[in-house]
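Asker: Contents of protein-v3.cif (mmCIF, C-alpha atoms and all ligand atoms) are given next:
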```
data_work
loop_
_atom_site.label_atom_id
_atom_site.label_comp_id
_atom_site.auth_asym_id
_atom_site.auth_seq_id
_atom_site.Cartn_x
_atom_site.Cartn_y
_atom_site.Cartn_z
CA MET A 1 90.59 -24.83 15.12
CA LYS A 2 90.67 -28.25 16.69
CA LEU A 3 88.28 -30.99 15.78
CA TYR A 4 87.85 -34.50 17.12
CA ASN A 5 86.56 -37.69 15.60
CA ILE A 6 83.13 -38.43 17.07
CA LYS A 7 83.78 -42.17 16.94
CA GLU A 8 87.36 -42.14 18.18
CA ASN A 9 87.71 -39.06 20.33
CA GLU A 10 91.47 -39.34 20.68
CA GLU A 11 91.90 -38.56 16.99
CA GLN A 12 92.30 -34.76 16.93
CA VAL A 13 92.91 -32.73 13.81
CA SER A 14 93.30 -29.14 12.67
CA PHE A 15 90.89 -27.38 10.30
CA GLY A 16 93.32 -28.02 7.44
CA GLN A 17 93.56 -31.73 8.19
CA ALA A 18 89.81 -32.07 8.57
CA VAL A 19 89.24 -30.36 5.23
CA ARG A 20 91.85 -32.48 3.46
CA GLN A 21 90.80 -35.73 5.08
CA GLY A 22 87.02 -35.36 5.12
CA LEU A 23 86.43 -38.35 7.38
CA GLY A 24 88.34 -39.61 10.39
CA ARG A 25 89.31 -43.15 11.37
CA ASN A 26 86.59 -45.76 11.39
CA GLN A 27 84.53 -43.41 9.20
CA GLY A 28 84.08 -41.06 12.13
CA LEU A 29 82.91 -37.50 11.50
CA PHE A 30 84.95 -34.54 12.73
CA PHE A 31 83.39 -32.18 15.22
CA PRO A 32 84.75 -28.88 16.61
CA SER A 33 86.32 -29.20 20.07
CA GLU A 34 85.26 -25.70 20.93
CA LEU A 35 82.54 -23.48 19.59
CA PRO A 36 83.04 -19.73 19.86
CA LYS A 37 80.07 -17.75 21.10
CA PHE A 38 79.08 -14.31 19.79
CA ASP A 39 77.65 -12.14 22.53
CA ASP A 40 76.70 -9.09 20.54
CA ILE A 41 74.49 -10.71 17.94
CA ASP A 42 72.74 -7.47 17.02
CA SER A 43 75.89 -5.76 15.82
CA LEU A 44 77.02 -8.92 14.04
CA LEU A 45 73.70 -9.01 12.23
CA ALA A 46 74.08 -5.36 11.25
CA GLU A 47 77.10 -6.20 9.08
CA ASP A 48 76.89 -7.16 5.42
CA PHE A 49 76.86 -10.82 4.37
CA VAL A 50 80.53 -11.13 3.44
CA SER A 51 81.97 -9.24 6.45
CA ARG A 52 79.70 -11.03 8.88
CA SER A 53 80.44 -14.43 7.36
CA THR A 54 84.16 -13.68 7.50
CA LYS A 55 83.86 -12.97 11.24
CA ILE A 56 81.90 -16.14 11.89
CA LEU A 57 84.20 -18.39 9.88
CA SER A 58 87.33 -16.73 11.14
CA ALA A 59 86.21 -17.22 14.74
CA LEU A 60 85.64 -20.90 14.00
CA ILE A 61 88.86 -21.49 12.07
CA GLY A 62 90.97 -19.53 14.56
CA ASP A 63 94.59 -18.62 13.87
CA GLU A 64 95.17 -21.31 11.27
CA LEU A 65 94.19 -18.86 8.53
CA ALA A 66 94.51 -15.08 8.68
CA GLU A 67 91.24 -13.16 8.73
CA GLU A 68 92.13 -11.46 5.43
CA LYS A 69 92.59 -14.85 3.86
CA VAL A 70 89.21 -16.01 5.13
CA ASN A 71 87.75 -12.79 3.82
CA SER A 72 89.01 -13.42 0.31
CA MET A 73 87.74 -17.02 0.44
CA VAL A 74 84.29 -15.91 1.56
CA ASP A 75 84.26 -13.18 -1.04
CA ALA A 76 85.06 -15.65 -3.81
CA ALA A 77 82.59 -18.26 -2.55
CA PHE A 78 79.55 -16.15 -1.64
CA GLN A 79 78.98 -14.13 -4.77
CA PHE A 80 75.22 -14.33 -4.70
CA PRO A 81 72.55 -13.30 -2.20
CA ALA A 82 70.38 -15.33 0.19
CA PRO A 83 67.21 -13.24 0.38
CA ILE A 84 64.14 -13.93 2.48
CA LYS A 85 60.72 -13.52 0.86
CA LYS A 86 57.53 -12.95 2.77
CA VAL A 87 55.02 -15.64 1.92
CA LYS A 88 52.39 -14.43 4.35
CA ASP A 89 52.28 -12.66 7.71
CA GLY A 90 54.91 -14.14 9.95
CA VAL A 91 56.12 -16.70 7.41
CA TYR A 92 59.20 -16.27 5.24
CA ALA A 93 61.01 -18.33 2.61
CA LEU A 94 64.80 -18.27 2.68
CA GLU A 95 65.93 -18.54 -0.93
CA LEU A 96 69.21 -20.38 -1.10
CA PHE A 97 69.19 -21.00 -4.82
CA HIS A 98 70.70 -17.91 -6.37
CA GLY A 99 74.14 -19.44 -6.94
CA PRO A 100 75.51 -20.88 -10.21
CA THR A 101 73.87 -24.29 -9.80
CA LEU A 102 70.62 -22.99 -8.32
CA ALA A 103 70.67 -24.90 -5.04
CA PHE A 104 71.91 -24.18 -1.53
CA LYS A 105 74.80 -26.56 -2.06
CA ASP A 106 76.63 -23.81 -3.94
CA PHE A 107 77.43 -22.19 -0.57
CA GLY A 108 79.12 -25.27 0.88
CA GLY A 109 80.65 -26.50 -2.36
CA ARG A 110 82.27 -23.19 -3.22
CA PHE A 111 83.58 -22.52 0.26
CA MET A 112 84.97 -26.02 0.39
CA ALA A 113 86.81 -25.50 -2.91
CA GLN A 114 88.30 -22.32 -1.46
CA SER A 115 89.21 -24.07 1.79
CA LEU A 116 90.85 -26.99 0.09
CA ALA A 117 92.93 -24.72 -2.12
CA ALA A 118 93.92 -22.74 1.01
CA VAL A 119 95.06 -25.75 3.06
CA SER A 120 96.40 -28.07 0.36
CA ASN A 121 100.05 -28.95 0.63
CA GLY A 122 100.69 -29.23 -3.05
CA GLY A 123 99.99 -32.94 -3.69
CA LYS A 124 97.52 -34.52 -6.03
CA ILE A 125 93.87 -34.33 -4.95
CA THR A 126 90.98 -36.50 -6.05
CA ILE A 127 87.57 -35.41 -4.91
CA LEU A 128 85.22 -38.37 -4.71
CA THR A 129 81.66 -37.58 -3.89
CA ALA A 130 78.24 -39.18 -4.02
CA THR A 131 75.28 -37.06 -4.93
CA SER A 132 71.54 -37.33 -5.08
CA GLY A 133 71.68 -34.39 -7.46
CA ASP A 134 72.54 -30.99 -6.12
CA THR A 135 75.81 -31.66 -4.32
CA GLY A 136 77.27 -33.01 -7.53
CA ALA A 137 76.36 -29.91 -9.48
CA ALA A 138 77.68 -27.56 -6.83
CA VAL A 139 80.93 -29.48 -6.39
CA ALA A 140 81.47 -29.86 -10.13
CA HIS A 141 81.03 -26.15 -10.74
CA ALA A 142 83.02 -25.12 -7.67
CA PHE A 143 86.07 -27.19 -8.72
CA TYR A 144 85.73 -26.93 -12.50
CA GLY A 145 89.04 -26.06 -14.10
CA MET A 146 91.04 -26.08 -10.83
CA GLU A 147 94.54 -27.36 -11.38
CA ASP A 148 95.76 -30.60 -9.76
CA ILE A 149 92.27 -31.44 -8.55
CA ASN A 150 90.34 -34.29 -10.18
CA VAL A 151 86.68 -34.63 -9.34
CA VAL A 152 84.77 -37.92 -9.57
CA ILE A 153 81.05 -37.74 -8.90
CA LEU A 154 78.85 -40.80 -8.36
CA TYR A 155 75.10 -40.57 -8.73
CA PRO A 156 72.23 -43.07 -8.88
CA LYS A 157 71.50 -43.76 -12.53
CA GLY A 158 68.04 -42.65 -13.60
CA LYS A 159 67.19 -41.34 -10.13
CA ILE A 160 68.00 -37.69 -10.53
CA SER A 161 66.12 -35.22 -12.67
CA PRO A 162 67.33 -35.05 -16.29
CA LEU A 163 67.94 -31.33 -16.00
CA GLN A 164 69.90 -31.78 -12.83
CA GLU A 165 72.03 -34.37 -14.60
CA LYS A 166 72.66 -31.96 -17.47
CA LEU A 167 73.82 -29.27 -15.12
CA PHE A 168 76.88 -31.19 -13.90
CA CYS A 169 77.47 -34.09 -16.29
CA THR A 170 78.27 -31.87 -19.25
CA LEU A 171 81.38 -30.06 -18.00
CA GLY A 172 84.32 -32.29 -18.90
CA LYS A 173 87.93 -31.23 -18.14
CA ASN A 174 88.71 -32.26 -14.54
CA ILE A 175 85.10 -33.26 -13.79
CA HIS A 176 84.24 -36.97 -14.23
CA THR A 177 80.68 -38.14 -13.66
CA VAL A 178 79.66 -41.76 -13.08
CA ALA A 179 76.08 -43.11 -13.16
CA ILE A 180 75.91 -46.01 -10.70
CA ASP A 181 73.45 -48.86 -11.09
CA GLY A 182 71.95 -48.38 -7.61
CA ASP A 183 70.41 -45.81 -5.29
CA PHE A 184 72.02 -42.89 -3.47
CA ASP A 185 72.85 -44.97 -0.42
CA ALA A 186 74.73 -47.39 -2.70
CA CYS A 187 76.74 -44.46 -4.08
CA GLN A 188 77.46 -43.26 -0.59
CA ALA A 189 78.56 -46.76 0.45
CA LEU A 190 81.02 -46.88 -2.48
CA VAL A 191 82.52 -43.57 -1.38
CA LYS A 192 82.93 -44.89 2.15
CA GLN A 193 84.59 -48.03 0.84
CA ALA A 194 87.08 -45.96 -1.11
CA PHE A 195 87.92 -44.00 2.04
CA ASP A 196 88.45 -47.22 3.94
CA ASP A 197 91.04 -48.31 1.39
CA ALA A 198 94.15 -46.70 2.87
CA GLU A 199 96.37 -47.60 -0.07
CA LEU A 200 94.02 -46.11 -2.65
CA ARG A 201 93.42 -43.08 -0.47
CA GLU A 202 97.11 -42.32 -0.32
CA GLU A 203 97.77 -43.10 -3.99
CA ILE A 204 95.23 -40.68 -5.43
CA GLY A 205 94.98 -38.14 -2.60
CA LEU A 206 91.39 -39.00 -1.90
CA ASN A 207 89.12 -36.33 -0.53
CA SER A 208 85.40 -36.10 -0.13
CA ALA A 209 83.21 -33.12 -0.89
CA ASN A 210 80.09 -34.56 0.69
CA SER A 211 78.36 -32.69 3.42
CA ILE A 212 80.59 -34.71 5.74
CA ASN A 213 83.36 -32.21 4.98
CA ILE A 214 83.37 -29.74 7.84
CA SER A 215 84.13 -26.73 5.61
CA ARG A 216 80.82 -27.15 3.83
CA LEU A 217 78.86 -27.14 7.05
CA MET A 218 80.72 -24.11 8.28
CA ALA A 219 79.78 -22.14 5.18
CA GLN A 220 76.15 -23.05 5.64
CA ILE A 221 76.06 -21.59 9.15
CA CYS A 222 76.42 -18.15 7.57
CA TYR A 223 73.11 -18.02 5.75
CA TYR A 224 71.14 -18.64 8.93
CA PHE A 225 72.64 -15.41 10.26
CA GLU A 226 71.93 -13.75 6.92
CA ALA A 227 68.26 -14.73 7.14
CA ALA A 228 67.91 -13.38 10.68
CA SER A 229 69.63 -10.14 9.64
CA GLN A 230 66.78 -9.42 7.23
CA MET A 231 64.12 -9.59 9.95
CA SER A 232 63.16 -7.12 12.62
CA LYS A 233 64.50 -7.84 16.07
CA ALA A 234 61.02 -8.72 17.34
CA GLU A 235 60.52 -11.22 14.50
CA ARG A 236 63.81 -12.96 14.93
CA GLU A 237 63.44 -13.37 18.69
CA ASN A 238 60.74 -15.99 18.14
CA LEU A 239 62.15 -17.68 15.12
CA VAL A 240 61.21 -21.23 14.14
CA ILE A 241 63.13 -22.66 11.20
CA SER A 242 62.01 -25.62 9.13
CA VAL A 243 64.73 -27.43 7.20
CA PRO A 244 64.00 -29.86 4.35
CA SER A 245 66.41 -32.63 5.21
CA GLY A 246 68.12 -35.56 3.51
CA ASN A 247 71.65 -36.02 4.76
CA PHE A 248 71.02 -33.51 7.56
CA GLY A 249 73.97 -31.24 6.82
CA ASN A 250 71.74 -28.21 6.49
CA LEU A 251 70.07 -28.80 9.84
CA THR A 252 73.46 -29.44 11.48
CA ALA A 253 74.61 -26.03 10.22
CA GLY A 254 71.47 -24.39 11.61
CA LEU A 255 72.02 -25.93 15.02
CA LEU A 256 75.64 -24.79 14.90
CA ALA A 257 74.42 -21.25 14.16
CA LYS A 258 72.31 -21.47 17.30
CA ALA A 259 75.29 -22.75 19.27
CA LEU A 260 77.28 -19.71 18.11
CA GLY A 261 74.63 -17.49 19.65
CA LEU A 262 72.01 -16.89 16.98
CA PRO A 263 68.72 -16.83 18.89
CA ILE A 264 66.60 -19.47 17.22
CA LYS A 265 63.64 -20.72 19.20
CA ARG A 266 63.46 -24.12 17.59
CA PHE A 267 64.16 -26.13 14.48
CA ILE A 268 61.98 -28.51 12.55
CA ALA A 269 63.45 -31.50 10.71
CA ALA A 270 61.21 -32.02 7.69
CA THR A 271 61.69 -35.08 5.48
CA ASN A 272 59.91 -36.83 2.65
CA ALA A 273 58.86 -40.49 2.94
CA ASN A 274 62.47 -41.35 3.82
CA ASP A 275 61.62 -40.70 7.43
CA THR A 276 64.34 -42.43 9.46
CA VAL A 277 64.89 -39.34 11.61
CA PRO A 278 61.26 -38.38 12.34
CA ARG A 279 60.59 -42.00 13.34
CA TYR A 280 63.72 -42.04 15.47
CA LEU A 281 62.71 -38.84 17.24
CA GLU A 282 59.30 -40.37 17.87
CA THR A 283 60.33 -43.85 19.03
CA GLY A 284 64.01 -43.59 19.99
CA LYS A 285 64.73 -46.43 17.60
CA TRP A 286 67.17 -46.00 14.71
CA ASP A 287 65.58 -48.13 12.06
CA PRO A 288 66.46 -47.11 8.48
CA LYS A 289 64.27 -48.62 5.80
CA PRO A 290 65.26 -49.05 2.16
CA THR A 291 65.40 -45.68 0.38
CA VAL A 292 62.28 -44.85 -1.59
CA ALA A 293 62.19 -42.57 -4.63
CA THR A 294 60.15 -39.38 -4.20
CA THR A 295 59.54 -36.15 -6.09
CA SER A 296 61.95 -34.44 -3.68
CA ASN A 297 64.79 -36.70 -4.75
CA ALA A 298 67.62 -34.67 -3.23
CA MET A 299 66.21 -35.85 0.10
CA ASP A 300 65.92 -39.52 -0.80
CA VAL A 301 68.29 -40.62 1.92
CA SER A 302 67.44 -43.18 4.56
CA GLN A 303 70.79 -43.29 6.36
CA PRO A 304 71.63 -39.64 6.87
CA ASN A 305 75.31 -39.10 7.11
CA ASN A 306 75.36 -36.04 9.33
CA TRP A 307 73.03 -37.30 12.01
CA PRO A 308 75.84 -38.24 14.45
CA ARG A 309 76.94 -34.61 14.44
CA ILE A 310 73.48 -33.48 15.50
CA GLU A 311 73.49 -36.00 18.33
CA GLU A 312 76.95 -34.85 19.36
CA LEU A 313 76.01 -31.17 19.31
CA CYS A 314 72.86 -31.80 21.34
CA ARG A 315 74.89 -33.81 23.83
CA VAL A 316 77.56 -31.09 24.16
CA LYS A 317 75.00 -28.27 24.47
CA GLU A 318 72.67 -30.34 26.64
CA TRP A 319 69.81 -29.73 24.24
CA GLY A 320 67.28 -32.52 24.45
CA LEU A 321 66.59 -34.13 21.09
CA GLU A 322 62.90 -33.82 21.95
CA THR A 323 63.17 -30.07 21.36
CA LEU A 324 63.56 -30.76 17.64
CA GLY A 325 60.34 -30.54 15.69
CA LYS A 326 59.83 -33.18 13.04
CA GLY A 327 57.56 -34.23 10.24
CA ALA A 328 57.51 -36.51 7.20
CA VAL A 329 55.60 -35.49 4.10
CA THR A 330 54.29 -37.66 1.27
CA ASP A 331 54.59 -36.74 -2.41
CA ALA A 332 50.86 -36.00 -2.56
CA GLN A 333 51.11 -33.67 0.42
CA SER A 334 54.13 -31.85 -0.92
CA ALA A 335 52.29 -31.35 -4.25
CA GLU A 336 49.38 -29.86 -2.29
CA SER A 337 51.77 -27.47 -0.60
CA VAL A 338 53.42 -26.47 -3.89
CA LYS A 339 49.90 -25.55 -5.04
CA ALA A 340 48.97 -23.77 -1.84
CA LEU A 341 52.13 -21.68 -2.01
CA TYR A 342 51.51 -20.88 -5.66
CA ASP A 343 48.01 -19.70 -4.81
CA GLN A 344 49.58 -17.34 -2.31
CA GLY A 345 51.82 -15.99 -5.03
CA TYR A 346 54.96 -17.97 -4.25
CA LEU A 347 56.50 -20.43 -6.71
CA CYS A 348 58.25 -23.23 -4.83
CA GLU A 349 59.50 -26.73 -5.69
CA PRO A 350 58.81 -29.84 -3.58
CA HIS A 351 61.83 -29.69 -1.21
CA GLY A 352 60.96 -26.21 0.00
CA ALA A 353 57.27 -27.09 0.03
CA ILE A 354 57.95 -29.97 2.42
CA ALA A 355 59.60 -27.61 4.86
CA TYR A 356 56.72 -25.17 4.46
CA ARG A 357 54.11 -27.83 5.12
CA VAL A 358 55.59 -29.04 8.39
CA LEU A 359 56.21 -25.46 9.48
CA GLU A 360 52.57 -24.57 8.81
CA GLU A 361 51.41 -27.52 10.88
CA GLN A 362 53.59 -26.66 13.85
CA LEU A 363 54.00 -22.89 13.95
CA GLN A 364 52.39 -21.35 17.02
CA GLU A 365 50.87 -17.98 17.80
CA GLY A 366 53.46 -15.24 18.11
CA GLU A 367 56.22 -17.19 16.35
CA THR A 368 57.96 -16.21 13.13
CA GLY A 369 58.37 -19.04 10.69
CA LEU A 370 61.17 -19.49 8.18
CA PHE A 371 61.37 -22.37 5.73
CA LEU A 372 64.42 -23.07 3.64
CA CYS A 373 64.00 -23.13 -0.12
CA THR A 374 66.90 -25.29 -1.11
CA ALA A 375 66.52 -25.31 -4.91
CA HIS A 376 65.25 -23.08 -7.68
CA PRO A 377 61.81 -24.25 -8.87
CA ALA A 378 63.13 -24.67 -12.41
CA LYS A 379 65.62 -27.22 -11.19
CA PHE A 380 62.64 -29.49 -10.63
CA LYS A 381 60.75 -28.28 -13.67
CA GLU A 382 59.21 -31.64 -14.60
CA VAL A 383 57.65 -32.09 -11.16
CA VAL A 384 56.60 -28.48 -10.70
CA ASP A 385 55.06 -28.23 -14.18
CA GLU A 386 53.08 -31.39 -13.59
CA ILE A 387 51.73 -30.16 -10.26
CA LEU A 388 50.90 -26.64 -11.43
CA GLU A 389 50.12 -27.50 -15.06
CA SER A 390 52.61 -24.79 -15.89
CA ASP A 391 55.60 -24.34 -18.14
CA ILE A 392 58.05 -22.50 -15.95
CA GLU A 393 60.97 -20.76 -17.53
CA LEU A 394 64.52 -22.06 -17.23
CA PRO A 395 66.96 -19.56 -15.76
CA ALA A 396 70.08 -18.94 -17.83
CA PRO A 397 72.51 -21.44 -16.21
CA LEU A 398 70.05 -24.30 -16.72
CA ALA A 399 69.04 -23.34 -20.23
CA LYS A 400 72.68 -23.31 -21.27
CA HIS A 401 73.42 -26.81 -19.95
CA ALA A 402 70.11 -28.32 -21.05
CA VAL A 403 71.29 -28.49 -24.65
CA MET A 404 74.78 -29.84 -23.94
CA GLU A 405 75.85 -33.45 -24.37
CA LEU A 406 75.98 -35.80 -21.36
CA LEU A 407 79.52 -37.00 -20.64
CA SER A 408 78.80 -39.53 -17.86
CA GLU A 409 79.85 -43.16 -17.91
CA ASP A 410 77.73 -46.00 -16.51
CA LEU A 411 79.12 -48.30 -13.84
CA ASP A 412 77.93 -51.33 -11.85
CA ASN A 413 77.52 -50.92 -8.12
CA ASP A 414 80.94 -52.49 -7.65
CA PHE A 415 83.96 -51.17 -5.78
CA ASP A 416 86.58 -52.83 -8.00
CA ALA A 417 85.06 -51.23 -11.08
CA LEU A 418 85.12 -47.87 -9.33
CA LYS A 419 88.80 -48.31 -8.45
CA VAL A 420 89.59 -48.74 -12.12
CA VAL A 421 87.86 -45.46 -12.90
CA LEU A 422 89.59 -43.63 -10.04
CA ARG A 423 93.01 -44.73 -11.24
CA ARG A 424 92.22 -43.98 -14.87
CA VAL A 425 91.25 -40.36 -14.32
CA GLN A 426 94.67 -39.70 -12.80
CA LYS A 427 96.32 -40.16 -16.16
C1 LIG B 501 70.79 -31.71 -0.57
C2 LIG B 501 69.43 -31.13 -0.62
C3 LIG B 501 68.57 -31.21 0.48
C4 LIG B 501 68.95 -31.93 1.75
O1 LIG B 501 69.95 -31.26 2.46
P1 LIG B 501 70.79 -32.02 3.58
O2 LIG B 501 71.79 -31.05 4.04
O3 LIG B 501 71.40 -33.21 2.91
O4 LIG B 501 69.81 -32.44 4.62
C5 LIG B 501 67.34 -30.58 0.40
N1 LIG B 501 66.95 -29.96 -0.73
C6 LIG B 501 67.73 -29.88 -1.81
C7 LIG B 501 67.21 -29.20 -3.03
C8 LIG B 501 68.99 -30.47 -1.80
O5 LIG B 501 69.76 -30.39 -2.87
#
```
Re-express the file's structure as structure tokens.
Ligand SMILES: *Cc1c(COP(=O)(O)O)cnc(C)c1O

Answerer:
Amino acid sequence: MKLYNIKENEEQVSFGQAVRQGLGRNQGLFFPSELPKFDDIDSLLAEDFVSRSTKILSALIGDELAEEKVNSMVDAAFQFPAPIKKVKDGVYALELFHGPTLAFKDFGGRFMAQSLAAVSNGGKITILTATSGDTGAAVAHAFYGMEDINVVILYPKGKISPLQEKLFCTLGKNIHTVAIDGDFDACQALVKQAFDDAELREEIGLNSANSINISRLMAQICYYFEAASQMSKAERENLVISVPSGNFGNLTAGLLAKALGLPIKRFIAATNANDTVPRYLETGKWDPKPTVATTSNAMDVSQPNNWPRIEELCRVKEWGLETLGKGAVTDAQSAESVKALYDQGYLCEPHGAIAYRVLEEQLQEGETGLFLCTAHPAKFKEVVDEILESDIELPAPLAKHAVMELLSEDLDNDFDALKVVLRRVQK
């Protein structure tokens, strides 16, 4: 597999390099030079999740890793299902939260851990990642206990749900969690600064596990196929998929699935009040505003990292950006949709409800709608209970962590202070 840096096209890397490096020069994202295309989608969809995903990922990775190797990686990473649930006629929820940390980020995080182990050349590795909640949990659990890999996770202090914090800040061992005095964009900026520091990067074997790492996106392609495989052929021919978006990795993966041949009629980019992309699609002006806190906090991102990849893919495939649906949803509206879904017998948290709301507004006659449910409702228990006046039950993984002690340290939004931490955890 060859990939190029979107910002500096002459920088070309292999899959292994892209996984190890994360970002290219000048903070450029890597993008595949060639995308395979599956012609016989029906027989691909007839396979089971692991075999099909192996074929997809193996076709992407090419001869750098043997298919059997990819198969064992997929098998280790995807040990939980991605079922679709019918919410009403012609509308389905894709539940991506049946992994160990109850959010879709388990798919990417776990496949990335497998990929990194497969392509590492033996040196020291420090994973540095910024999270608005779910990435951190998925990465922490995916790498927990792995030898020679230190994980440092930055998150905005007080801006993620207490339960979410418990899920990944209680592990210890090789997992170090840091609460930054700032918002998610500040955390992301610190990570970028660290990557720009060539000396530090070399010294500690810096690697990122953000959705900027190509292996995570590749893993996420697979569940779009898995969703389609659970529908009848007639239903999937007119499929419209609504993706609750923050950093836009999930939507990038969906568009890549389409590029590989999955027949998806159109996508909808659904955001909360952090609506940089919907406004951009409307006006053509990229005009990020300061990030605002919402009840769908995993999407509180105003400068989405993966957007350049979507632009690049649309350019390469000659898909007009205007074909993307879009919509921004307020907290009050997402609460309404959580209620509406509940009344129809489906328990959903605000991220999924945002995708549902925009889908409902835009789905047309004869189309099948699919909205992505990115987190288990209990992961956002405080918000969901307040909206529904309920007391939803915690699933086992959350209940276990809820009573454990927080191990995070607090840190100013300051790069020098972060460097001290990064060097300390090496010892
Ligand atoms: C990360 C996350 C999102 C946003 O996904 P992106 O790939 O960053 O757009 C949506 N919902 C939940 C629950 C998340 O954790």

Asker: If you count only C-alpha atoms and all ligand atoms, which residues end up within 7 Å of ligand LIG 501 (chain B), as a list of chain:residue names?

Answerer: A:Ala103, A:Phe104, A:Lys105, A:Gly133, A:Asp134, A:Thr135, A:Ser211, A:Pro244, A:Ser245, A:Gly246, A:Asn247, A:Phe248, A:Gly249, A:Asn250, A:Leu251, A:Ala298, A:Met299, A:His351, A:Thr374, A:Ala375

Asker: Could you check the closest approach to Gly205 in chain A for each of A:Pro395, A:Gly16, A:Gly123, A:Gly24 and tell me which residue wins, using only C-alpha atoms?

Answerer: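 Once distances to Gly205 in chain A are computed over only C-alpha atoms, the minimum belongs to A:Gly123.
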
Asker: My list of candidates is A:Ala234, A:Val243, A:Ile56, A:Val50. Which is closest to Pro263 in chain A when distances are computed with all atoms listed in the file?

Answerer: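 Ranked by minimum distance to Pro263 in chain A, first place goes to A:Ala234.
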
Asker: Please list as a VMD selection string every residue within 6 Å of range 329-338 of chain A, counting all atoms listed in the file and excluding residues in the same chain fewer than 4 positions away.

Answerer: chain A and resid 272 to 273 348 350 353 to 354

Asker: For the contact check between range 170-242 of chain A and range 154-161 of chain A, emit one row per residue of range 170-242 of chain A within 9 Å, containing the shortest atom pair and the distance in Å rounded to one decimal, counting all atoms listed in the file, chain then rising number order, as JSON lines.

Answerer:
```
{"residue": "A:His176", "atom": "CA", "partner": "A:Leu154", "partner_atom": "CA", "distance": 8.8}
{"residue": "A:Thr177", "atom": "CA", "partner": "A:Leu154", "partner_atom": "CA", "distance": 6.2}
{"residue": "A:Val178", "atom": "CA", "partner": "A:Leu154", "partner_atom": "CA", "distance": 4.9}
{"residue": "A:Ala179", "atom": "CA", "partner": "A:Lys157", "partner_atom": "CA", "distance": 4.7}
{"residue": "A:Ile180", "atom": "CA", "partner": "A:Pro156", "partner_atom": "CA", "distance": 5.0}
{"residue": "A:Asp181", "atom": "CA", "partner": "A:Lys157", "partner_atom": "CA", "distance": 5.6}
{"residue": "A:Gly182", "atom": "CA", "partner": "A:Pro156", "partner_atom": "CA", "distance": 5.5}
{"residue": "A:Asp183", "atom": "CA", "partner": "A:Pro156", "partner_atom": "CA", "distance": 4.9}
{"residue": "A:Phe184", "atom": "CA", "partner": "A:Pro156", "partner_atom": "CA", "distance": 5.4}
{"residue": "A:Asp185", "atom": "CA", "partner": "A:Pro156", "partner_atom": "CA", "distance": 8.7}
{"residue": "A:Ala186", "atom": "CA", "partner": "A:Pro156", "partner_atom": "CA", "distance": 7.9}
{"residue": "A:Cys187", "atom": "CA", "partner": "A:Leu154", "partner_atom": "CA", "distance": 6.0}
{"residue": "A:Gln188", "atom": "CA", "partner": "A:Leu154", "partner_atom": "CA", "distance": 8.3}
{"residue": "A:Leu190", "atom": "CA", "partner": "A:Leu154", "partner_atom": "CA", "distance": 8.7}
{"residue": "A:Val191", "atom": "CA", "partner": "A:Leu154", "partner_atom": "CA", "distance": 8.4}
```

Asker: Taking into account only C-alpha atoms, which residue in the set A:Glu64, A:Val87, A:Gly136, A:Arg52 is nearest to Gly345 in chain A?

Answerer: A:Val87

Asker: Could you list as a list of chain:residue names every residue that has an atom within 12 Å of (83.7, -28.7, 23.4), using the file's coordinates and counting all atoms listed in the file?

Answerer: A:Met1, A:Lys2, A:Leu3, A:Tyr4, A:Ile6, A:Asn9, A:Phe31, A:Pro32, A:Ser33, A:Glu34, A:Leu35, A:Pro36, A:Lys37, A:Ala259, A:Glu312, A:Leu313, A:Cys314, A:Arg315, A:Val316, A:Lys317, A:Glu318

Asker: Take the residues from that selection and put them in a file with C-alpha atoms, as an mmCIF file, in the coordinates of the input.

Answerer:
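Result went into part_3.cif, see below:
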```cif
data_model
loop_
_atom_site.group_PDB
_atom_site.id
_atom_site.type_symbol
_atom_site.label_atom_id
_atom_site.label_comp_id
_atom_site.auth_asym_id
_atom_site.auth_seq_id
_atom_site.Cartn_x
_atom_site.Cartn_y
_atom_site.Cartn_z
ATOM 1 C CA MET A 1 90.590 -24.830 15.120
ATOM 2 C CA LYS A 2 90.670 -28.250 16.690
ATOM 3 C CA LEU A 3 88.280 -30.990 15.780
ATOM 4 C CA TYR A 4 87.850 -34.500 17.120
ATOM 5 C CA ILE A 6 83.130 -38.430 17.070
ATOM 6 C CA ASN A 9 87.710 -39.060 20.330
ATOM 7 C CA PHE A 31 83.390 -32.180 15.220
ATOM 8 C CA PRO A 32 84.750 -28.880 16.610
ATOM 9 C CA SER A 33 86.320 -29.200 20.070
ATOM 10 C CA GLU A 34 85.260 -25.700 20.930
ATOM 11 C CA LEU A 35 82.540 -23.480 19.590
ATOM 12 C CA PRO A 36 83.040 -19.730 19.860
ATOM 13 C CA LYS A 37 80.070 -17.750 21.100
ATOM 14 C CA ALA A 259 75.290 -22.750 19.270
ATOM 15 C CA GLU A 312 76.950 -34.850 19.360
ATOM 16 C CA LEU A 313 76.010 -31.170 19.310
ATOM 17 C CA CYS A 314 72.860 -31.800 21.340
ATOM 18 C CA ARG A 315 74.890 -33.810 23.830
ATOM 19 C CA VAL A 316 77.560 -31.090 24.160
ATOM 20 C CA LYS A 317 75.000 -28.270 24.470
ATOM 21 C CA GLU A 318 72.670 -30.340 26.640
#
```

Asker: What is the distance between CA of Arg25 in chain A and CA of Thr126 in chain A, in Å to one decimal?

Answerer: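 According to the coordinates, CA of Arg25 in chain A and CA of Thr126 in chain A are separated by 18.7 Å.
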
Asker: Skip Gln426 in chain A itself and residues of its chain fewer than 4 positions away, then list as a PyMOL selection string all residues within 10 Å of it, counting only C-alpha atoms.

Answerer: chain A and resi 124-126+148-150+174+203-204+421-422
